[in-house]
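Next comes query09.txt, with compact mmCIF, C-alpha atoms.
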```txt
# COMPACT_ATOMS: atom_id res chain seq x y z
CA MET I 1 72.03 102.46 89.45
CA ARG I 2 74.60 101.66 86.79
CA TYR I 3 78.29 102.20 87.22
CA ASN I 4 81.44 100.13 87.30
CA SER I 5 81.58 99.70 91.07
CA LEU I 6 84.43 98.14 93.00
CA ASN I 7 82.11 95.55 94.50
CA ASN I 8 81.01 94.29 91.09
CA PHE I 9 84.55 94.40 89.73
CA LEU I 10 85.86 92.26 92.58
CA LYS I 11 83.01 89.76 92.38
CA THR I 12 83.61 89.35 88.66
CA LYS I 13 87.38 89.04 89.06
CA TYR I 14 87.49 86.71 92.05
CA GLY I 15 84.11 85.03 92.01
CA CYS I 16 83.44 85.71 95.70
CA LYS I 17 82.98 88.51 98.19
CA ILE I 18 86.16 90.54 98.71
CA TYR I 19 86.53 92.87 101.69
CA LYS I 20 89.19 95.50 102.32
CA LEU I 21 90.95 95.28 105.66
CA SER I 22 92.26 98.64 106.86
CA LEU I 23 95.77 98.19 108.25
CA SER I 24 98.27 100.60 109.78
CA SER I 25 101.91 100.88 108.81
CA GLY I 26 102.69 103.17 111.75
CA LEU I 27 104.30 105.64 109.36
CA SER I 28 103.93 109.42 109.26
CA CYS I 29 103.83 111.91 106.38
CA PRO I 30 106.35 114.44 105.03
CA ASN I 31 103.57 117.00 105.17
CA ARG I 32 103.29 116.53 108.95
CA ASP I 33 106.75 115.72 110.28
CA GLY I 34 108.38 118.99 109.19
CA THR I 35 109.96 117.75 105.96
CA LEU I 36 107.45 119.72 103.88
CA SER I 37 105.22 121.09 106.61
CA SER I 38 104.18 120.42 110.18
CA LEU I 39 100.53 121.23 109.52
CA GLY I 40 99.46 118.52 107.10
CA CYS I 41 96.60 118.93 104.66
CA ILE I 42 94.00 121.17 106.26
CA PHE I 43 91.28 118.49 106.19
CA CYS I 44 93.40 115.69 107.65
CA SER I 45 92.70 114.52 111.19
CA ASN I 46 95.21 113.30 113.74
CA GLY I 47 94.55 109.79 112.47
CA GLY I 48 95.75 110.64 108.99
CA SER I 49 92.48 109.55 107.32
CA GLY I 50 92.86 106.13 108.88
CA GLU I 51 90.56 106.24 111.89
CA PHE I 52 89.20 102.81 111.03
CA ALA I 53 92.63 101.21 110.65
CA SER I 54 93.97 98.47 112.91
CA ASP I 55 96.31 99.10 115.83
CA SER I 56 99.80 99.84 114.48
CA ARG I 57 101.35 98.25 117.56
CA LEU I 58 100.24 94.83 116.32
CA SER I 59 102.12 92.80 113.73
CA ILE I 60 100.69 92.93 110.23
CA THR I 61 99.46 89.33 110.55
CA ASP I 62 97.74 90.14 113.84
CA GLN I 63 96.22 93.27 112.31
CA ILE I 64 94.81 91.18 109.47
CA GLU I 65 93.34 88.59 111.84
CA THR I 66 91.87 91.27 114.11
CA ALA I 67 90.36 93.11 111.14
CA LYS I 68 88.85 89.87 109.84
CA THR I 69 86.98 89.34 113.09
CA LYS I 70 85.50 92.84 112.85
CA VAL I 71 83.90 92.08 109.47
CA ALA I 72 83.09 88.42 110.11
CA ASN I 73 79.35 89.14 110.04
CA LYS I 74 79.66 90.77 106.60
CA ILE I 75 81.68 88.12 104.79
CA SER I 76 81.96 84.34 104.88
CA ASN I 77 84.16 82.16 102.70
CA GLY I 78 85.55 85.26 101.04
CA LYS I 79 88.95 86.85 100.58
CA TYR I 80 90.50 90.16 101.53
CA ILE I 81 92.54 93.11 100.30
CA ALA I 82 95.24 94.37 102.65
CA TYR I 83 94.70 98.14 102.67
CA PHE I 84 97.36 100.36 104.19
CA GLN I 85 95.25 103.46 104.64
CA SER I 86 96.44 106.00 107.18
CA PHE I 87 99.08 108.65 106.49
CA THR I 88 101.73 108.02 103.78
CA ASN I 89 102.51 104.33 103.48
CA THR I 90 105.60 104.49 101.29
CA TYR I 91 107.24 107.11 103.52
CA GLY I 92 109.62 104.95 105.51
CA ASP I 93 112.78 102.90 105.57
CA ILE I 94 112.83 100.54 102.60
CA ASP I 95 113.66 97.49 104.73
CA TYR I 96 110.68 98.21 106.97
CA LEU I 97 108.40 98.71 103.96
CA LYS I 98 109.59 95.41 102.50
CA LYS I 99 108.89 93.66 105.80
CA ILE I 100 105.31 94.87 106.31
CA PHE I 101 104.20 94.67 102.68
CA THR I 102 105.69 91.20 102.19
CA GLU I 103 104.03 89.95 105.37
CA ALA I 104 100.67 91.30 104.17
CA ILE I 105 100.84 90.09 100.59
CA ASN I 106 101.93 86.57 101.56
CA HIS I 107 99.00 86.05 103.93
CA PRO I 108 96.89 83.23 102.41
CA ASP I 109 93.60 85.15 102.69
CA ILE I 110 94.94 88.27 100.98
CA VAL I 111 94.35 88.55 97.21
CA ALA I 112 95.77 92.03 96.67
CA LEU I 113 97.73 94.78 98.38
CA SER I 114 96.41 98.36 98.35
CA ILE I 115 98.73 101.13 99.50
CA ALA I 116 97.64 104.73 100.07
CA THR I 117 100.44 107.23 99.58
CA ARG I 118 101.53 110.55 98.12
CA PRO I 119 102.92 110.83 94.57
CA ASP I 120 106.01 112.58 95.95
CA CYS I 121 106.89 109.54 98.09
CA LEU I 122 107.71 107.02 95.37
CA SER I 123 111.49 106.80 95.24
CA GLY I 124 113.33 104.48 92.89
CA GLU I 125 113.83 101.84 95.59
CA VAL I 126 110.18 102.03 96.58
CA LEU I 127 109.12 101.54 92.96
CA GLU I 128 111.48 98.57 92.70
CA LEU I 129 109.89 97.03 95.81
CA LEU I 130 106.38 97.62 94.47
CA ASP I 131 107.34 96.01 91.18
CA THR I 132 108.58 92.91 93.02
CA LEU I 133 105.43 92.70 95.13
CA ASN I 134 103.25 93.13 92.06
CA HIS I 135 104.70 89.91 90.66
CA ILE I 136 103.48 88.04 93.76
CA LYS I 137 99.92 89.40 93.90
CA PRO I 138 98.26 92.52 92.47
CA VAL I 139 99.42 95.81 94.01
CA TRP I 140 97.24 98.90 93.94
CA ILE I 141 98.66 102.33 94.65
CA GLU I 142 96.12 104.88 95.88
CA LEU I 143 97.25 108.44 95.22
CA GLY I 144 95.66 111.26 97.20
CA LEU I 145 95.45 113.94 94.51
CA GLN I 146 92.20 115.57 95.74
CA THR I 147 92.18 118.24 92.99
CA ILE I 148 94.07 119.23 89.84
CA HIS I 149 93.75 122.94 90.60
CA GLU I 150 96.93 124.51 91.96
CA ASN I 151 95.16 127.31 93.83
CA THR I 152 93.11 124.77 95.75
CA ALA I 153 96.17 122.57 96.31
CA ARG I 154 97.96 125.48 97.94
CA TYR I 155 94.91 126.34 100.03
CA ILE I 156 94.62 122.81 101.41
CA ASN I 157 98.41 122.64 101.93
CA ARG I 158 98.82 119.55 99.74
CA GLY I 159 102.54 120.16 99.30
CA TYR I 160 103.20 119.01 95.73
CA SER I 161 102.35 120.11 92.20
CA LEU I 162 100.23 118.41 89.56
CA GLU I 163 103.42 117.69 87.62
CA VAL I 164 104.59 115.46 90.49
CA PHE I 165 101.34 113.49 90.25
CA ASP I 166 101.72 113.11 86.49
CA CYS I 167 105.26 111.80 86.91
CA ALA I 168 104.20 109.28 89.56
CA VAL I 169 101.39 107.97 87.36
CA SER I 170 103.79 107.54 84.45
CA LYS I 171 106.30 105.58 86.56
CA LEU I 172 103.68 103.34 88.15
CA ASN I 173 102.03 102.68 84.81
CA SER I 174 105.37 101.62 83.32
CA LEU I 175 105.47 98.90 86.00
CA ASN I 176 101.88 97.80 85.26
CA ILE I 177 100.82 98.74 88.78
CA ASP I 178 97.16 99.65 89.18
CA ILE I 179 96.58 103.28 90.17
CA ILE I 180 93.55 104.54 92.08
CA VAL I 181 93.17 108.32 92.38
CA HIS I 182 91.42 110.05 95.26
CA LEU I 183 89.44 113.22 94.56
CA ILE I 184 87.62 115.28 97.18
CA ILE I 185 84.22 116.71 96.23
CA GLY I 186 83.36 120.03 97.83
CA LEU I 187 86.77 121.56 98.51
CA PRO I 188 86.59 125.25 99.48
CA TYR I 189 85.89 127.62 96.59
CA GLU I 190 85.75 124.91 93.93
CA THR I 191 82.81 125.00 91.53
CA LYS I 192 81.08 122.06 89.93
CA GLU I 193 83.02 122.82 86.76
CA ASP I 194 86.30 122.68 88.71
CA ILE I 195 85.38 119.27 90.10
CA ILE I 196 84.36 117.87 86.72
CA SER I 197 87.60 119.09 85.16
CA SER I 198 89.54 117.21 87.86
CA VAL I 199 87.58 114.05 87.07
CA LYS I 200 88.15 114.42 83.34
CA TYR I 201 91.85 115.07 83.82
CA VAL I 202 92.59 112.03 85.97
CA CYS I 203 90.45 109.83 83.73
CA SER I 204 92.62 110.86 80.79
CA LYS I 205 95.55 109.23 82.58
CA PRO I 206 96.35 105.48 82.60
CA ILE I 207 94.58 104.79 85.90
CA SER I 208 92.45 101.81 86.85
CA GLY I 209 90.26 103.31 89.55
CA ILE I 210 88.93 106.47 91.14
CA LYS I 211 87.58 107.41 94.57
CA LEU I 212 85.13 110.26 94.92
CA GLN I 213 85.16 111.45 98.51
CA LEU I 214 82.88 114.03 100.10
CA LEU I 215 84.75 116.75 101.97
CA HIS I 216 84.37 116.16 105.69
CA VAL I 217 85.05 118.91 108.16
CA LEU I 218 86.61 117.09 111.12
CA LYS I 219 87.21 118.33 114.62
CA ASN I 220 90.56 119.86 115.56
CA THR I 221 91.67 120.43 111.96
CA PRO I 222 92.66 123.71 110.27
CA LEU I 223 89.65 123.18 107.98
CA GLU I 224 87.32 123.27 110.97
CA LYS I 225 88.65 126.69 111.93
CA GLU I 226 87.92 127.92 108.39
CA TYR I 227 84.44 126.41 108.58
CA PHE I 228 83.55 128.20 111.82
CA LEU I 229 84.71 131.46 110.22
CA ASN I 230 82.21 130.81 107.41
CA LYS I 231 85.01 130.85 104.87
CA PHE I 232 83.39 128.30 102.53
CA HIS I 233 80.16 126.53 101.64
CA VAL I 234 79.55 122.93 102.70
CA LEU I 235 77.58 120.94 100.15
CA THR I 236 74.06 119.78 100.85
CA LEU I 237 73.11 116.18 100.10
CA GLU I 238 71.18 117.36 97.05
CA GLU I 239 74.14 119.38 95.73
CA TYR I 240 76.56 116.55 96.34
CA THR I 241 74.33 114.02 94.61
CA ASN I 242 73.95 116.22 91.55
CA ILE I 243 77.72 116.64 91.29
CA ILE I 244 78.29 112.90 91.74
CA GLY I 245 75.88 112.20 88.90
CA GLU I 246 77.86 114.45 86.56
CA CYS I 247 81.16 112.99 87.73
CA LEU I 248 80.02 109.45 87.01
CA CYS I 249 78.94 110.42 83.51
CA ASN I 250 82.50 111.57 82.81
CA ILE I 251 84.24 108.42 84.00
CA PRO I 252 85.01 105.84 81.27
CA GLU I 253 83.60 102.35 81.70
CA ASN I 254 87.04 100.78 82.10
CA ILE I 255 87.79 102.80 85.25
CA VAL I 256 86.53 101.17 88.45
CA ILE I 257 84.69 103.50 90.81
CA HIS I 258 85.91 102.60 94.28
CA ARG I 259 83.82 105.12 96.18
CA ILE I 260 81.08 107.66 95.58
CA THR I 261 80.98 109.01 99.13
CA GLY I 262 82.58 108.34 102.48
CA ASP I 263 81.90 108.40 106.18
CA GLY I 264 84.24 109.88 108.74
CA PRO I 265 84.06 108.91 112.41
CA LYS I 266 80.87 110.38 113.88
CA SER I 267 82.79 111.47 116.97
CA LEU I 268 85.01 113.69 114.81
CA LEU I 269 82.48 114.95 112.27
CA THR I 270 81.69 118.65 112.40
CA ALA I 271 80.05 118.98 108.98
CA PRO I 272 78.11 118.06 106.94
CA LYS I 273 76.02 116.21 109.51
CA TRP I 274 73.93 114.49 106.83
CA SER I 275 76.97 112.47 105.79
CA ALA I 276 76.95 110.54 109.07
CA ASN I 277 74.13 108.29 107.79
CA LYS I 278 76.05 106.54 105.01
CA LYS I 279 73.25 104.09 104.20
CA HIS I 280 70.79 106.93 103.67
CA VAL I 281 73.29 108.85 101.55
CA LEU I 282 73.97 105.88 99.28
CA ASN I 283 70.26 105.11 98.93
CA TYR I 284 69.58 108.75 98.04
CA ILE I 285 72.33 108.80 95.41
CA HIS I 286 71.28 105.47 93.88
CA HIS I 287 67.64 106.59 93.73
CA TYR I 288 68.74 109.80 91.99
CA LEU I 289 70.81 107.92 89.43
CA LYS I 290 67.95 105.57 88.67
CA GLU I 291 65.21 108.21 88.59
CA PHE I 292 67.03 110.50 86.20
CA ASP I 293 68.60 107.67 84.19
CA ILE I 294 72.00 109.33 84.57
CA PHE I 295 73.82 106.81 82.44
CA GLN I 296 71.15 106.17 79.81
CA GLY I 297 72.19 102.54 79.63
CA LYS I 298 75.88 103.44 79.33
CA TYR I 299 77.25 100.91 81.83
CA LEU I 300 76.57 97.22 82.02
CA ASN I 301 77.41 96.62 85.69
CA GLN I 302 74.36 96.84 87.90
```
Represent the structure contained in this file as structure tokens.
Amino acid sequence: MRYNSLNNFLKTKYGCKIYKLSLSSGLSCPNRDGTLSSLGCIFCSNGGSGEFASDSRLSITDQIETAKTKVANKISNGKYIAYFQSFTNTYGDIDYLKKIFTEAINHPDIVALSIATRPDCLSGEVLELLDTLNHIKPVWIELGLQTIHENTARYINRGYSLEVFDCAVSKLNSLNIDIIVHLIIGLPYETKEDIISSVKYVCSKPISGIKLQLLHVLKNTPLEKEYFLNKFHVLTLEEYTNIIGECLCNIPENIVIHRITGDGPKSLLTAPKWSANKKHVLNYIHHYLKEFDIFQGKYLNQ
């Protein structure tokens, strides 16, 4: 198994174990509140992809402390990344954003701030705030692109064009803010070639990291309805692993790979059922990479 993983990157950078704490801003999304749409992306659950996040009713400090206790058996004498995960975390009043992000970044155990958002929710005042925060501690912006293909983007009801993503990347890069791009593997009607072209495209941009996420069909989503109508094929573990191998071969060494799979809440997972056993999935993928020498010695990180 050889790729530039987030775990190795963080250990090298900070010299200790770093764990991401999933926090909640309590914000919504323009693709759900009627601004763009009331439906959201067709794969997104009621939790806005943040089912593991802390309780938004708590203060940010209390969320951090609560999240730390949940991972206490996995980390000792380490540090943390404050990760605002659910919904669109720059979609709110600027004073409120300043309050929650400043509280998180100034916590003594937090080494970096990671904010998941949409590329169409980065106004000038938001960018100015992010620039200020980035001079305190590193700020990462995680952009949910999912695909570069406009037909797929319309099908999943993403609500913005690739040009908007390109513009956001340019603005963030001009502020020296690290950009992590999310791509979903296995979107309806996309071929392996479509997926690889998305990977190649985002890797041609000035980004620092990439997340490769398996498509999960979750309960009570528009995607689930499509699934039960047999509208699209859900990848097998073998198919997914093969695609991941090709994706990794097309990611430059300087780009950190934050994720090669993902696990949705088992209570919400409709398909694919094999993804519920994350440990087995990761072991299967790592065995595949090693057995077929996917990288042929390309990467140094082990």
Do you know which residues are at most 12 Å from stretch 277-285 of chain I counting all atoms listed in the file, after dropping those on the same chain fewer than 5 positions away, and could you put them as JSON, numbers by chain?
{"I": [1, 2, 214, 236, 237, 238, 239, 240, 241, 242, 243, 244, 245, 246, 248, 259, 260, 261, 262, 263, 264, 265, 266, 269, 272, 290, 291, 292, 293, 294]}
Within 7 Å of stretch 15-22 of chain I using only C-alpha atoms, minus same-chain residues under 3 positions, as a PDB file with C-alpha atoms, keeping the file's coordinate frame:
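What follows is the written file out.pdb:
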```pdb
ATOM      1  CA  LEU I  10      85.860  92.260  92.580  1.00  0.00           C
ATOM      2  CA  LYS I  11      83.010  89.760  92.380  1.00  0.00           C
ATOM      3  CA  THR I  12      83.610  89.350  88.660  1.00  0.00           C
ATOM      4  CA  PHE I  52      89.200 102.810 111.030  1.00  0.00           C
ATOM      5  CA  ALA I  53      92.630 101.210 110.650  1.00  0.00           C
ATOM      6  CA  SER I  54      93.970  98.470 112.910  1.00  0.00           C
ATOM      7  CA  ILE I  64      94.810  91.180 109.470  1.00  0.00           C
ATOM      8  CA  ALA I  67      90.360  93.110 111.140  1.00  0.00           C
ATOM      9  CA  ILE I  75      81.680  88.120 104.790  1.00  0.00           C
ATOM     10  CA  GLY I  78      85.550  85.260 101.040  1.00  0.00           C
ATOM     11  CA  LYS I  79      88.950  86.850 100.580  1.00  0.00           C
ATOM     12  CA  TYR I  80      90.500  90.160 101.530  1.00  0.00           C
ATOM     13  CA  ILE I  81      92.540  93.110 100.300  1.00  0.00           C
ATOM     14  CA  ALA I  82      95.240  94.370 102.650  1.00  0.00           C
ATOM     15  CA  TYR I  83      94.700  98.140 102.670  1.00  0.00           C
ATOM     16  CA  PHE I  84      97.360 100.360 104.190  1.00  0.00           C
ATOM     17  CA  GLN I  85      95.250 103.460 104.640  1.00  0.00           C
TER      18      GLN I  85
END
```
Nearest to I:Ile257: which of I:Leu223, I:Ile100, I:Leu218, I:Leu212 is it, counting only C-alpha atoms?
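Of the candidates, the smallest distance to I:Ile257 is held by I:Leu212.
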Any idea what's packed within 7 Å of I:Gly40, counting all atoms listed in the file, ignoring anything in its chain fewer than 6 positions away? Could you give it as a list in words?
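My reading of the contact set: Asn31, Arg32 and Asn157 of chain I.
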What is the distance between atom CA of I:Ala104 and atom CA of I:Thr66, in Å to one decimal?
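About the pair atom CA of I:Ala104 and atom CA of I:Thr66: they are 13.3 Å apart.
Computed from the coordinates, the atom CA of I:Ile141 to atom CA of I:Val181 distance equals 8.4 Å.
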For I:Ile180, which of I:His233, I:His135, I:Arg118, I:His286 is the closest residue, counting all atoms listed in the file?
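Of the candidates, the smallest distance to I:Ile180 is held by I:Arg118.
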Can you work out which one of I:Ser197, I:Asn134, I:Ser275, I:Ser208 has the shortest atom-to-atom distance to I:Leu175, counting only C-alpha atoms?
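Among the listed residues, I:Asn134 lies closest to I:Leu175.
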Work out how far atom CA of I:Leu23 is from atom CA of I:Glu224, in Å to one decimal.
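So the answer is 26.6 Å.
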Taking all atoms listed in the file into account, which of I:Thr270, I:Ser76, I:Thr35, I:Asn173 comes nearest I:Phe228?
I:Thr270
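Here the question is which of I:Phe43, I:Tyr227, I:Tyr3, I:Trp140 gets nearest to I:Cys247 using only C-alpha atoms, and that residue is I:Tyr3.
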Would you list the residues near (96.7, 120.7, 99.4) (no more than 9 Å away, in the coordinates of the file, using all atoms listed in the file) as a CSV table (one decimal) with C-alpha atoms, keeping the file's coordinate frame?
```
chain,number,residue,atom,x,y,z
I,40,GLY,CA,99.5,118.5,107.1
I,41,CYS,CA,96.6,118.9,104.7
I,42,ILE,CA,94.0,121.2,106.3
I,43,PHE,CA,91.3,118.5,106.2
I,145,LEU,CA,95.4,113.9,94.5
I,146,GLN,CA,92.2,115.6,95.7
I,147,THR,CA,92.2,118.2,93.0
I,150,GLU,CA,96.9,124.5,92.0
I,151,ASN,CA,95.2,127.3,93.8
I,152,THR,CA,93.1,124.8,95.8
I,153,ALA,CA,96.2,122.6,96.3
I,154,ARG,CA,98.0,125.5,97.9
I,155,TYR,CA,94.9,126.3,100.0
I,156,ILE,CA,94.6,122.8,101.4
I,157,ASN,CA,98.4,122.6,101.9
I,158,ARG,CA,98.8,119.6,99.7
I,159,GLY,CA,102.5,120.2,99.3
I,160,TYR,CA,103.2,119.0,95.7
```
